[in-house]
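The file final.txt comes next; it holds compact mmCIF, C-alpha atoms and all ligand atoms.
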```
# COMPACT_ATOMS: atom_id res chain seq x y z
CA MET A 1 -43.67 -33.65 11.99
CA TYR A 2 -40.41 -34.42 10.12
CA SER A 3 -39.59 -37.99 9.30
CA PHE A 4 -35.93 -39.03 9.18
CA ASN A 5 -36.07 -39.18 5.37
CA ASN A 6 -37.62 -35.77 5.20
CA TRP A 7 -34.87 -34.39 7.42
CA ARG A 8 -32.20 -36.13 5.31
CA PHE A 9 -33.70 -34.66 2.16
CA GLN A 10 -33.58 -31.18 3.61
CA TYR A 11 -30.04 -31.70 4.83
CA THR A 12 -28.88 -32.86 1.38
CA ALA A 13 -30.72 -29.99 -0.30
CA LEU A 14 -28.97 -27.53 1.97
CA HIS A 15 -25.61 -29.01 1.10
CA ARG A 16 -26.40 -28.92 -2.58
CA GLN A 17 -27.42 -25.29 -2.26
CA ARG A 18 -24.15 -24.49 -0.46
CA ASP A 19 -22.08 -26.33 -3.09
CA CYS A 20 -23.86 -24.43 -5.86
CA TYR A 21 -23.15 -21.18 -4.05
CA LEU A 22 -19.47 -22.03 -3.58
CA ALA A 23 -19.13 -23.13 -7.19
CA ARG A 24 -20.77 -19.90 -8.33
CA ARG A 25 -18.42 -17.89 -6.14
CA ARG A 26 -15.45 -19.77 -7.57
CA THR A 27 -16.51 -19.13 -11.15
CA MET A 28 -17.37 -15.50 -10.41
CA THR A 29 -13.80 -14.98 -9.23
CA ALA A 30 -11.86 -15.51 -12.43
CA MET A 31 -8.51 -17.18 -11.86
CA PRO A 32 -5.54 -14.92 -12.47
CA THR A 33 -3.53 -15.73 -15.55
CA ARG A 34 0.20 -16.38 -15.55
CA SER A 35 0.74 -12.89 -16.94
CA ASP A 36 -1.36 -11.37 -14.11
CA VAL A 37 1.02 -13.04 -11.69
CA MET A 38 4.05 -11.79 -13.64
CA GLU A 39 2.65 -8.23 -13.62
CA THR A 40 2.18 -8.45 -9.87
CA LEU A 41 5.72 -9.74 -9.42
CA LYS A 42 6.95 -6.57 -11.10
CA GLY A 43 5.90 -4.90 -7.85
CA VAL A 44 8.34 -7.00 -5.81
CA ILE A 45 11.58 -5.09 -5.74
CA ASP A 46 14.96 -6.45 -4.77
CA PRO A 47 15.98 -3.34 -2.85
CA GLU A 48 19.63 -4.10 -3.11
CA LEU A 49 19.65 -4.42 -6.87
CA GLY A 50 17.05 -1.70 -7.37
CA SER A 51 14.88 -3.60 -9.79
CA ASP A 52 12.01 -6.06 -9.74
CA LEU A 53 12.13 -9.84 -9.68
CA VAL A 54 10.84 -10.23 -13.24
CA ASP A 55 13.24 -7.72 -14.71
CA LEU A 56 16.14 -9.32 -12.90
CA GLY A 57 15.27 -12.74 -14.31
CA MET A 58 14.69 -14.21 -10.86
CA ILE A 59 11.33 -15.73 -11.80
CA GLN A 60 12.02 -19.06 -13.43
CA ASP A 61 8.48 -20.35 -13.68
CA VAL A 62 4.92 -19.52 -12.66
CA ARG A 63 2.07 -22.00 -12.54
CA VAL A 64 -1.56 -21.26 -11.71
CA ASP A 65 -3.64 -24.33 -10.85
CA ASP A 66 -7.42 -24.58 -11.21
CA ASP A 67 -7.84 -24.51 -7.45
CA GLY A 68 -6.12 -21.12 -7.21
CA VAL A 69 -2.75 -22.40 -6.01
CA VAL A 70 0.08 -20.38 -7.55
CA THR A 71 3.51 -21.96 -7.65
CA ILE A 72 6.46 -19.71 -8.29
CA ASP A 73 9.98 -20.89 -8.96
CA LEU A 74 12.23 -18.16 -7.70
CA ALA A 75 15.97 -18.18 -8.33
CA LEU A 76 17.87 -16.34 -5.64
CA THR A 77 21.24 -14.83 -6.40
CA ILE A 78 22.89 -16.95 -3.74
CA ALA A 79 21.36 -19.68 -1.59
CA GLU A 80 22.06 -17.90 1.69
CA CYS A 81 20.70 -14.61 0.37
CA PRO A 82 20.04 -12.32 3.34
CA MET A 83 17.01 -10.86 1.56
CA ARG A 84 15.43 -14.27 1.09
CA ASN A 85 12.72 -13.99 3.76
CA GLN A 86 11.73 -10.55 2.67
CA ILE A 87 11.59 -11.40 -1.04
CA GLU A 88 9.57 -14.53 -0.29
CA SER A 89 7.09 -12.83 2.05
CA ASP A 90 6.62 -9.86 -0.30
CA THR A 91 5.96 -12.32 -3.13
CA VAL A 92 3.41 -14.30 -1.14
CA ARG A 93 1.64 -11.16 0.12
CA LYS A 94 1.39 -9.49 -3.26
CA VAL A 95 0.51 -12.51 -5.40
CA GLY A 96 -1.82 -13.74 -2.64
CA SER A 97 -3.82 -10.53 -2.99
CA LEU A 98 -4.86 -11.37 -6.56
CA PRO A 99 -8.51 -12.43 -6.70
CA GLY A 100 -8.96 -16.19 -6.96
CA VAL A 101 -5.59 -17.08 -5.46
CA THR A 102 -6.01 -19.55 -2.60
CA ARG A 103 -2.35 -20.22 -1.82
CA VAL A 104 1.08 -19.14 -3.01
CA ASP A 105 3.93 -21.63 -2.96
CA VAL A 106 7.39 -20.20 -3.53
CA ARG A 107 10.09 -22.70 -4.46
CA THR A 108 13.53 -21.21 -4.26
CA THR A 109 16.69 -22.27 -6.00
CA ALA A 110 20.08 -20.63 -6.26
CA MET A 111 21.10 -19.08 -9.57
CA THR A 112 23.77 -20.60 -11.72
CA LYS A 113 26.94 -18.61 -12.32
CA GLN A 114 25.72 -17.62 -15.77
CA GLN A 115 22.32 -16.50 -14.43
CA ARG A 116 24.06 -14.37 -11.80
CA ALA A 117 26.21 -12.77 -14.46
CA ASP A 118 23.12 -11.97 -16.57
CA LEU A 119 21.37 -10.54 -13.54
CA MET A 120 24.24 -8.21 -12.74
CA THR A 121 24.36 -7.03 -16.32
CA THR A 122 20.62 -6.25 -16.15
CA ALA A 123 21.00 -4.50 -12.79
CA ARG A 124 23.83 -2.32 -14.11
CA PHE A 125 21.93 -1.57 -17.29
CA ARG A 126 18.86 -0.52 -15.29
CA VAL A 127 20.92 1.84 -13.15
CA ARG A 128 22.19 3.53 -16.32
CA GLU A 129 18.88 3.42 -18.15
CA ARG A 130 16.87 4.97 -15.35
CA ALA A 131 18.37 8.36 -15.61
CA GLU A 132 15.34 9.80 -13.88
CA PRO A 133 14.21 7.42 -11.18
CA THR A 134 11.99 8.58 -8.35
CA LYS A 135 13.90 10.01 -5.45
CA LEU A 136 12.45 7.37 -3.20
CA SER A 137 14.79 4.71 -1.87
CA PRO A 138 14.00 1.18 -3.09
CA THR A 139 13.83 0.17 0.57
CA THR A 140 10.96 2.57 1.30
CA ARG A 141 7.65 0.82 1.86
CA VAL A 142 4.90 2.73 0.08
CA ILE A 143 1.38 2.62 1.50
CA ALA A 144 -1.42 4.31 -0.43
CA VAL A 145 -4.51 5.09 1.65
CA SER A 146 -7.55 4.99 -0.65
CA SER A 147 -11.30 4.72 -0.74
CA GLY A 148 -13.87 5.03 -3.47
CA LYS A 149 -15.94 7.63 -1.71
CA GLY A 150 -15.01 11.06 -0.44
CA GLY A 151 -15.09 12.00 3.20
CA VAL A 152 -14.65 8.56 4.75
CA GLY A 153 -11.43 9.58 6.51
CA LYS A 154 -8.54 8.86 4.13
CA SER A 155 -6.66 12.01 5.10
CA SER A 156 -7.31 11.51 8.81
CA ALA A 157 -6.25 7.88 8.52
CA SER A 158 -3.09 8.47 6.48
CA THR A 159 -2.04 11.26 8.86
CA ASN A 160 -2.60 9.27 12.03
CA LEU A 161 -1.17 6.02 10.63
CA ALA A 162 1.92 7.94 9.53
CA LEU A 163 2.29 9.59 12.94
CA ALA A 164 1.86 6.30 14.80
CA THR A 165 4.46 4.72 12.52
CA ALA A 166 6.89 7.57 13.19
CA ALA A 167 6.25 7.16 16.93
CA ARG A 168 7.60 3.62 16.53
CA GLY A 169 10.91 5.13 15.52
CA TYR A 170 10.62 4.77 11.76
CA ARG A 171 11.49 7.47 9.24
CA VAL A 172 8.18 8.37 7.67
CA GLY A 173 7.00 10.56 4.82
CA LEU A 174 3.46 11.72 4.07
CA LEU A 175 2.58 12.61 0.51
CA ASP A 176 -0.70 14.40 -0.13
CA ALA A 177 -1.68 13.03 -3.55
CA ASP A 178 -4.97 14.88 -3.40
CA ILE A 179 -3.40 17.46 -5.66
CA TRP A 180 -6.19 20.03 -5.74
CA GLY A 181 -8.27 18.93 -2.75
CA PHE A 182 -5.31 18.82 -0.36
CA SER A 183 -6.02 18.66 3.36
CA ILE A 184 -2.78 17.50 4.97
CA PRO A 185 -1.40 21.02 5.62
CA ARG A 186 -4.55 21.81 7.62
CA MET A 187 -4.52 18.47 9.44
CA LEU A 188 -0.96 19.09 10.60
CA ASN A 189 -1.34 22.86 10.91
CA ILE A 190 1.64 23.52 8.67
CA LYS A 191 2.30 27.17 7.95
CA GLU A 192 5.71 26.75 6.32
CA ARG A 193 6.18 26.39 2.60
CA ILE A 194 8.27 23.88 0.70
CA THR A 195 11.63 25.25 -0.34
CA ALA A 196 14.03 24.23 -3.09
CA ASN A 197 17.64 23.26 -2.50
CA GLU A 198 20.64 24.25 -4.62
CA ASP A 199 19.92 21.38 -7.06
CA ARG A 200 16.45 22.88 -7.57
CA ASN A 201 14.85 19.88 -5.88
CA LEU A 202 12.02 20.33 -3.40
CA VAL A 203 12.66 19.83 0.30
CA PRO A 204 9.70 18.39 2.24
CA VAL A 205 8.39 20.30 5.24
CA GLU A 206 9.04 18.55 8.57
CA ALA A 207 6.00 18.35 10.85
CA PHE A 208 5.59 16.15 13.93
CA GLY A 209 8.61 14.16 12.74
CA LEU A 210 7.08 13.48 9.30
CA LYS A 211 8.42 14.65 5.96
CA VAL A 212 5.39 16.18 4.29
CA VAL A 213 4.71 17.19 0.71
CA SER A 214 1.45 18.65 -0.52
CA THR A 215 0.40 21.04 -3.26
CA GLY A 216 -0.86 23.20 -0.40
CA LEU A 217 2.73 23.66 0.70
CA ILE A 218 4.02 24.96 -2.61
CA VAL A 219 5.05 28.58 -2.55
CA GLU A 220 2.47 30.62 -4.39
CA SER A 221 4.80 32.58 -6.60
CA GLU A 222 3.48 33.35 -10.05
CA GLU A 223 5.97 31.03 -11.60
CA THR A 224 5.09 28.00 -9.48
CA ALA A 225 1.37 28.70 -9.70
CA LEU A 226 1.61 28.69 -13.47
CA MET A 227 3.72 25.58 -13.43
CA TRP A 228 1.20 23.68 -11.31
CA ARG A 229 -1.84 24.89 -13.18
CA GLY A 230 -0.39 23.61 -16.40
CA LEU A 231 0.26 20.13 -15.06
CA MET A 232 -1.99 17.14 -15.21
CA LEU A 233 -2.67 15.43 -11.90
CA SER A 234 -0.47 12.48 -12.77
CA LYS A 235 2.32 14.87 -13.78
CA ALA A 236 2.06 16.62 -10.43
CA LEU A 237 2.46 13.31 -8.66
CA GLU A 238 5.44 12.55 -10.87
CA GLN A 239 7.06 15.80 -9.80
CA PHE A 240 6.47 14.94 -6.16
CA LEU A 241 8.24 11.66 -6.57
CA LYS A 242 11.06 12.72 -8.87
CA GLN A 243 11.90 16.18 -7.64
CA VAL A 244 11.52 15.88 -3.91
CA GLU A 245 14.46 15.04 -1.69
CA TRP A 246 12.70 12.41 0.39
CA GLY A 247 15.89 11.05 1.87
CA ASP A 248 15.99 7.54 3.31
CA LEU A 249 12.47 6.76 4.47
CA ASP A 250 11.24 3.51 5.96
CA TYR A 251 7.63 4.27 5.04
CA LEU A 252 5.88 6.69 2.72
CA PHE A 253 2.14 7.08 3.32
CA ILE A 254 0.17 8.50 0.42
CA ASP A 255 -3.15 10.23 1.01
CA MET A 256 -4.99 9.41 -2.19
CA PRO A 257 -7.67 11.61 -3.74
CA PRO A 258 -11.25 10.29 -3.64
CA GLY A 259 -12.26 7.91 -6.39
CA THR A 260 -10.11 6.21 -8.91
CA GLY A 261 -8.28 7.33 -11.98
CA ASP A 262 -5.25 9.22 -13.10
CA VAL A 263 -3.40 9.45 -9.83
CA GLN A 264 -3.71 5.78 -9.05
CA MET A 265 -2.49 4.74 -12.49
CA ALA A 266 0.41 7.17 -12.27
CA LEU A 267 1.32 5.82 -8.88
CA THR A 268 1.44 2.26 -10.13
CA ARG A 269 3.69 3.31 -12.97
CA LEU A 270 6.01 5.37 -10.80
CA LEU A 271 6.06 3.22 -7.68
CA PRO A 272 5.27 -0.38 -8.59
CA GLN A 273 6.07 -1.35 -5.01
CA ALA A 274 3.09 0.63 -3.63
CA GLU A 275 0.52 -1.29 -1.58
CA MET A 276 -2.95 -0.14 -0.66
CA VAL A 277 -5.01 0.22 2.50
CA VAL A 278 -8.70 0.74 1.73
CA VAL A 279 -10.68 2.88 4.15
CA THR A 280 -14.39 2.37 4.49
CA THR A 281 -17.19 3.36 6.84
CA PRO A 282 -19.45 0.66 8.27
CA GLN A 283 -22.15 1.58 5.76
CA GLN A 284 -22.89 -0.79 2.93
CA ALA A 285 -22.83 1.97 0.33
CA ALA A 286 -19.34 3.10 1.26
CA GLN A 287 -18.18 -0.45 1.24
CA LYS A 288 -19.47 -1.00 -2.31
CA VAL A 289 -17.50 2.01 -3.49
CA ALA A 290 -14.42 0.77 -1.73
CA ILE A 291 -14.77 -2.49 -3.62
CA ARG A 292 -14.57 -0.50 -6.85
CA VAL A 293 -11.27 1.03 -5.77
CA ALA A 294 -9.92 -2.34 -4.81
CA ASP A 295 -10.91 -3.73 -8.22
CA MET A 296 -9.15 -0.86 -9.88
CA ALA A 297 -6.11 -1.44 -7.71
CA ARG A 298 -6.05 -5.01 -8.79
CA ARG A 299 -6.41 -4.14 -12.43
CA SER A 300 -3.40 -1.86 -12.05
CA PHE A 301 -1.64 -4.56 -9.99
CA MET A 302 -1.40 -2.52 -6.84
CA PRO A 303 -2.01 -5.05 -4.08
CA VAL A 304 -4.59 -4.27 -1.44
CA VAL A 305 -3.03 -5.39 1.83
CA ALA A 306 -5.52 -4.26 4.45
CA ALA A 307 -8.91 -2.71 5.13
CA LEU A 308 -9.56 -0.08 7.78
CA GLU A 309 -13.00 0.82 9.06
CA ASN A 310 -13.48 4.43 10.12
CA MET A 311 -16.35 6.13 11.97
CA SER A 312 -17.25 2.68 13.26
CA HIS A 313 -19.13 3.38 16.43
CA PHE A 314 -19.55 6.04 19.05
CA VAL A 315 -18.88 5.45 22.73
CA CYS A 316 -20.69 8.00 24.90
CA ASP A 317 -19.42 9.30 28.25
CA HIS A 318 -21.38 6.57 30.03
CA GLY A 319 -19.57 3.87 28.10
CA GLN A 320 -22.59 3.00 25.93
CA THR A 321 -21.68 2.07 22.32
CA TYR A 322 -23.78 3.37 19.45
CA GLU A 323 -23.39 2.15 15.89
CA LEU A 324 -24.48 5.35 14.22
CA PHE A 325 -23.52 4.41 10.68
CA GLY A 326 -24.48 0.74 10.81
CA SER A 327 -22.04 -2.06 11.36
CA GLY A 328 -20.08 -4.77 9.64
CA GLY A 329 -19.02 -2.88 6.48
CA GLY A 330 -15.30 -3.10 7.31
CA ALA A 331 -15.39 -6.80 8.16
CA GLU A 332 -17.41 -7.57 5.06
CA LEU A 333 -15.08 -5.60 2.84
CA ALA A 334 -12.04 -7.30 4.37
CA ASP A 335 -13.68 -10.64 3.85
CA MET A 336 -14.52 -9.97 0.23
CA LEU A 337 -11.01 -8.71 -0.49
CA ASN A 338 -9.49 -11.50 1.56
CA VAL A 339 -7.34 -9.05 3.51
CA PRO A 340 -7.18 -8.39 7.24
CA LEU A 341 -9.29 -5.67 8.83
CA ILE A 342 -6.56 -3.83 10.71
CA GLY A 343 -8.87 -1.74 12.84
CA SER A 344 -12.15 -0.02 13.52
CA ILE A 345 -11.68 3.63 14.36
CA PRO A 346 -14.52 4.99 16.49
CA ILE A 347 -16.29 8.26 15.82
CA ASP A 348 -14.44 10.71 17.98
CA PRO A 349 -15.32 14.43 18.26
CA LEU A 350 -11.61 15.00 18.96
CA MET A 351 -10.89 13.89 15.41
CA VAL A 352 -13.14 16.55 13.94
CA ALA A 353 -11.60 19.22 16.13
CA GLY A 354 -8.09 17.85 15.56
CA GLY A 355 -8.56 17.72 11.82
CA ASP A 356 -9.63 21.33 11.69
CA THR A 357 -7.05 22.76 14.04
CA GLY A 358 -4.05 20.66 13.14
CA LEU A 359 -4.02 18.61 16.34
CA PRO A 360 -3.90 14.98 15.19
CA VAL A 361 -5.30 12.62 17.84
CA VAL A 362 -2.31 10.26 17.85
CA VAL A 363 -0.11 13.12 19.04
CA HIS A 364 -2.49 15.41 20.93
CA ALA A 365 -4.91 12.96 22.51
CA PRO A 366 -2.90 9.73 22.69
CA ASP A 367 -5.29 8.19 25.25
CA SER A 368 -8.44 8.88 23.24
CA PRO A 369 -10.28 5.85 21.85
CA SER A 370 -9.51 6.91 18.27
CA ALA A 371 -5.76 7.35 18.95
CA ARG A 372 -5.61 3.97 20.62
CA ALA A 373 -7.43 2.38 17.69
CA PHE A 374 -5.02 4.04 15.24
CA ARG A 375 -2.00 2.76 17.18
CA GLU A 376 -3.40 -0.78 17.16
CA ALA A 377 -4.20 -0.53 13.44
CA THR A 378 -0.66 0.69 12.81
CA GLU A 379 0.81 -2.25 14.72
CA ARG A 380 -1.15 -4.63 12.54
CA LEU A 381 -0.22 -2.78 9.36
CA LEU A 382 3.48 -2.87 10.25
CA GLU A 383 3.18 -6.61 10.83
CA ILE A 384 1.64 -7.04 7.39
CA VAL A 385 4.11 -4.70 5.68
CA PRO A 386 7.24 -4.91 7.81
CA PRO A 387 10.03 -2.43 7.17
CA ALA A 388 12.34 -3.45 4.36
CA GLN A 389 15.56 -5.02 5.47
CA ASP A 390 18.51 -2.76 5.05
CA GLU A 391 21.20 -4.96 6.44
CA THR A 392 24.47 -4.53 4.67
CA CYS A 393 24.56 -6.69 1.65
CA THR A 394 28.04 -5.84 0.56
CA GLY A 395 28.93 -9.50 1.03
CA ARG A 396 26.24 -10.51 -1.39
CA ILE A 397 27.23 -7.97 -4.01
CA ALA A 398 30.89 -8.95 -3.62
CA LYS A 399 29.95 -12.58 -4.24
CA LEU A 400 27.91 -11.59 -7.27
CA LEU A 401 30.76 -9.61 -8.71
CA GLU A 402 33.18 -12.44 -8.01
CA ALA A 403 31.01 -14.69 -10.12
CA LEU A 404 31.04 -12.36 -13.11
CA PRO A 405 32.92 -13.63 -16.13
CA VAL A 406 35.77 -11.24 -16.97
CA THR A 407 34.13 -10.11 -20.23
CA SER A 408 31.02 -8.68 -18.57
CA HIS A 409 33.16 -6.26 -16.55
CA SER A 410 33.87 -4.23 -19.66
CA GLU A 411 31.24 -1.53 -20.12
N1 LIG B 1 -13.28 8.70 13.28
C1 LIG B 1 -13.72 9.93 13.10
N2 LIG B 1 -14.50 10.53 14.02
C2 LIG B 1 -14.96 11.78 13.85
N3 LIG B 1 -14.70 12.52 12.76
C3 LIG B 1 -13.94 11.99 11.80
C4 LIG B 1 -13.41 10.67 11.91
N4 LIG B 1 -12.67 10.43 10.80
C5 LIG B 1 -12.73 11.54 10.05
N5 LIG B 1 -13.50 12.47 10.63
C6 LIG B 1 -13.83 13.81 10.10
O1 LIG B 1 -14.54 13.62 8.87
C7 LIG B 1 -14.15 14.58 7.91
C8 LIG B 1 -13.63 13.89 6.66
O2 LIG B 1 -12.42 13.20 6.97
P1 LIG B 1 -11.17 13.19 5.99
O3 LIG B 1 -10.91 14.55 5.46
O4 LIG B 1 -10.08 12.48 6.68
O5 LIG B 1 -11.80 12.27 4.84
P2 LIG B 1 -11.24 12.03 3.36
O6 LIG B 1 -11.69 10.65 2.99
O7 LIG B 1 -9.81 12.32 3.26
O8 LIG B 1 -12.07 13.11 2.56
P3 LIG B 1 -11.81 13.61 1.02
O9 LIG B 1 -12.40 12.53 0.18
O10 LIG B 1 -12.55 14.88 0.95
O11 LIG B 1 -10.35 13.72 0.82
C9 LIG B 1 -13.13 15.47 8.59
O12 LIG B 1 -13.79 16.60 9.11
C10 LIG B 1 -12.61 14.61 9.74
O13 LIG B 1 -12.14 15.39 10.81
MG MG B 2 -8.77 13.64 1.97
```
Show me, as structure tokens, the structure contained in the file I just sent.
Amino acid sequence: MYSFNNWRFQYTALHRQRDCYLARRRTMTAMPTRSDVMETLKGVIDPELGSDLVDLGMIQDVRVDDDGVVTIDLALTIAECPMRNQIESDTVRKVGSLPGVTRVDVRTTAMTKQQRADLMTTARFRVRERAEPTKLSPTTRVIAVSSGKGGVGKSSASTNLALATAARGYRVGLLDADIWGFSIPRMLNIKERITANEDRNLVPVEAFGLKVVSTGLIVESEETALMWRGLMLSKALEQFLKQVEWGDLDYLFIDMPPGTGDVQMALTRLLPQAEMVVVTTPQQAAQKVAIRVADMARRSFMPVVAALENMSHFVCDHGQTYELFGSGGGAELADMLNVPLIGSIPIDPLMVAGGDTGLPVVVHAPDSPSARAFREATERLLEIVPPAQDETCTGRIAKLLEALPVTSHSE
């Protein structure tokens, strides 16, 4: 029999235990430093000026409080900047993905005339300095699909997410960054080979409305074979980003190779705006590996924006659901990373067949449970990473130029 005091003792003990646990969790998640935040802000690009917020001098101050609240003073070029919402939401999303951050407050001010003049000088200098930028437009959203473990469905997911995004009317590219273990050509049943244009740049193959590049699509002439064999993985990726005529894309999906390493680091260097979706199966083991990738992403300041569970459950013809590979891994991963779980893709025999014969479910079996789940996941992903604004900003640039002191016009 419990007396009231006994009950109260237990109640207090439970609370104490919970507080200890929370305190331990807080200390286990080291707070990001100011320079971590600055590094992350280098991934927020002002698409109009083609450089990042830090480089352009738009970050006036960054403060990280003990409770994980990050306050950023952001100077916009002009108060009524049309890019304001986008710059603010990109900032909140990316800085918010750093471990330990509980809230991001962005305080905006308008630049002074002198600050605007400095910014324009930097922007012009960058344009000149970057003689060899990637051929990707600064307005292209880059989504890397990763996982720590092989075979969890990265290639299937990147293909179907890309197709569902294209079906929404966006211009979409799919880059197979699995340089030697490529599977995209098979998944889309592409028989053509990449060609070069008169500027000796590579032209992606068009398949199902996607612009696709993969090592598997490179013509196997002796010359190209030698060229590719001699390249490091990161160099190959560099070529794919610098020598491919991607054109104006709204989204580029990147099918990452299994594990972590070279390719991920190269991607961060080449495309600081890249964001990551981590794919996991419901199994605990897969989820632990995915955590490793996410940690790596964070160390290289590539924000993880969403988790996607694949091979979640199996629905038989009678409507009965079976959780063949366990359950809860996706939700747990999302929770630990503090990102939304954008979907749970069921196990679908059509996906195995589709993957092998080049009939992706989103296109060839649009009413299948897996295709429906991919479309829903895509909707959520596009809400999290909306297309970059490309409204005409000529007015803004004109105002910026107007503000330039006469001396800084001379080059
Ligand atoms: N939801 C699913 N239901 C049934 N089969 C699936 C599902 N997702 C993927 N598969 C199958 O599992 C296999 C592995 O998938 P996929 O190649 O997409 O994984 P991956 O993570 O890219 O692998 P790798 O690490 O080798 O690149 C493929 O045969 C694919 O067709
Ligand atoms: Mg793959």
Selection within 6 Å of ligand LIG 1 (chain B) by all atoms listed in the file, output as a PyMOL selection string: chain A and resi 150-156+257-258+310-311+345-349+351-352+355
Contact residues around A:Glu245 with only C-alpha atoms at 7 Å, ignoring same-chain residues under 4 positions, as a PyMOL selection string: chain A and resi 135+201-203
Expected selection as a PyMOL selection string for ligand MG 2 (chain B) within 12 Å, all atoms listed in the file: chain A and resi 145-159+175-187+214+254-259+279+355
Who sits within 9 Å of stretch 96-106 of chain A, all atoms listed in the file, same chain under 5 positions skipped, as number ranges by chain: A: 26, 29-32, 36-37, 40, 64, 67-74, 88, 91, 298, 301, 303-305, 337-339
Who sits within 9 Å of A:Asp52, all atoms listed in the file, same chain under 5 positions skipped, as a list of chain:residue names: A:Leu41, A:Lys42, A:Gly43, A:Val44, A:Ile45, A:Asp46, A:Pro47, A:Gly57, A:Met58, A:Pro272, A:Gln273
Quick one: write out the picked residues with C-alpha atoms as a PDB file, in the frame of the given file?
```pdb
ATOM      1  CA  LEU A  41       5.720  -9.740  -9.420  1.00  0.00           C
ATOM      2  CA  LYS A  42       6.950  -6.570 -11.100  1.00  0.00           C
ATOM      3  CA  GLY A  43       5.900  -4.900  -7.850  1.00  0.00           C
ATOM      4  CA  VAL A  44       8.340  -7.000  -5.810  1.00  0.00           C
ATOM      5  CA  ILE A  45      11.580  -5.090  -5.740  1.00  0.00           C
ATOM      6  CA  ASP A  46      14.960  -6.450  -4.770  1.00  0.00           C
ATOM      7  CA  PRO A  47      15.980  -3.340  -2.850  1.00  0.00           C
ATOM      8  CA  GLY A  57      15.270 -12.740 -14.310  1.00  0.00           C
ATOM      9  CA  MET A  58      14.690 -14.210 -10.860  1.00  0.00           C
ATOM     10  CA  PRO A 272       5.270  -0.380  -8.590  1.00  0.00           C
ATOM     11  CA  GLN A 273       6.070  -1.350  -5.010  1.00  0.00           C
TER      12      GLN A 273
END
```
Coordinates-based distance that separates atom CA of A:Ala164 from atom CA of A:Ala353 (Å, one decimal): 18.7 Å
Which of A:Ile291, A:Leu161, A:Ala388, A:Met38 sits closest to A:Glu376 [using only C-alpha atoms]: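 The shortest atom-to-atom distance to A:Glu376 comes from A:Leu161.
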Atom CA of A:Thr378 to atom CA of A:Thr139, straight-line distance in Å: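 Atom-to-atom, atom CA of A:Thr139 and atom CA of A:Thr378 are spaced 19.0 Å apart.
In this model, the gap between atom CA of A:Asn197 and atom CA of A:Thr165 comes to 27.3 Å.
Comparing the minimum interatomic distances between A:Ala144 and each of A:Leu49, A:Leu233, A:Met302, A:Leu188, counting all atoms listed in the file, we find that A:Met302 sits nearest.
If all atoms listed in the file are the atoms counted, then among A:Val361, A:Val212, A:Ala110, A:Leu174 the closest residue to A:Ile190 is A:Val212.
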For A:Glu379, the nearest of the candidates A:Leu210, A:Ala166, A:Arg193, A:Ala331, counting all atoms listed in the file: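 Among the listed residues, A:Ala166 lies closest to A:Glu379.
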Shell of 10 Å around A:Pro386, all atoms listed in the file, local chain residues under 6 positions omitted, as a VMD selection string: chain A and resid 86 89 to 90 141 250 to 251 379 to 380
Could the residues in this selection be written to a file with C-alpha atoms, as an mmCIF file, in the coordinates of the input?
```cif
data_model
loop_
_atom_site.group_PDB
_atom_site.id
_atom_site.type_symbol
_atom_site.label_atom_id
_atom_site.label_comp_id
_atom_site.auth_asym_id
_atom_site.auth_seq_id
_atom_site.Cartn_x
_atom_site.Cartn_y
_atom_site.Cartn_z
ATOM 1 C CA GLN A 86 11.730 -10.550 2.670
ATOM 2 C CA SER A 89 7.090 -12.830 2.050
ATOM 3 C CA ASP A 90 6.620 -9.860 -0.300
ATOM 4 C CA ARG A 141 7.650 0.820 1.860
ATOM 5 C CA ASP A 250 11.240 3.510 5.960
ATOM 6 C CA TYR A 251 7.630 4.270 5.040
ATOM 7 C CA GLU A 379 0.810 -2.250 14.720
ATOM 8 C CA ARG A 380 -1.150 -4.630 12.540
#
```
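The closest residue to A:Met276, picked from A:Val142, A:Ala196, A:Leu163, A:Ala334 and counting all atoms listed in the file, is A:Val142.
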Counting only C-alpha atoms, the residue of A:Arg269, A:Arg200, A:Lys113, A:Arg292 that sits nearest A:Ser234: A:Arg269
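For A:Ser344, the list of residues within 10 Å, based on all atoms listed in the file and with local chain neighbours fewer than 3 positions off taken out, reads Val279, Thr280, Thr281, Pro282, Ala307, Leu308, Glu309, Asn310, Met311, Ser312, His313, Gly330, Ala331, Leu341, Ile347, Ser370, Ala373, Phe374, Glu376 and Ala377 of chain A.
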Starting from the incomplete input, reconstruct N, CA and C atoms of stretch 38-42 of chain A and write that as a PDB file, keeping the file's coordinate frame.
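Okay, this is what ended up in rebuild_32.pdb:
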```
ATOM      1  N   MET A  38       2.778 -12.433 -13.264  1.00  0.00           N
ATOM      2  CA  MET A  38       4.050 -11.790 -13.640  1.00  0.00           C
ATOM      3  C   MET A  38       3.963 -10.277 -13.423  1.00  0.00           C
ATOM      4  N   GLU A  39       2.831  -9.684 -13.814  1.00  0.00           N
ATOM      5  CA  GLU A  39       2.650  -8.230 -13.620  1.00  0.00           C
ATOM      6  C   GLU A  39       2.776  -7.873 -12.142  1.00  0.00           C
ATOM      7  N   THR A  40       2.147  -8.712 -11.311  1.00  0.00           N
ATOM      8  CA  THR A  40       2.180  -8.450  -9.870  1.00  0.00           C
ATOM      9  C   THR A  40       3.611  -8.576  -9.342  1.00  0.00           C
ATOM     10  N   LEU A  41       4.337  -9.544  -9.886  1.00  0.00           N
ATOM     11  CA  LEU A  41       5.720  -9.740  -9.420  1.00  0.00           C
ATOM     12  C   LEU A  41       6.622  -8.570  -9.783  1.00  0.00           C
ATOM     13  N   LYS A  42       6.168  -7.769 -10.765  1.00  0.00           N
ATOM     14  CA  LYS A  42       6.950  -6.570 -11.100  1.00  0.00           C
ATOM     15  C   LYS A  42       6.899  -5.552  -9.967  1.00  0.00           C
TER      16      LYS A  42
END
```
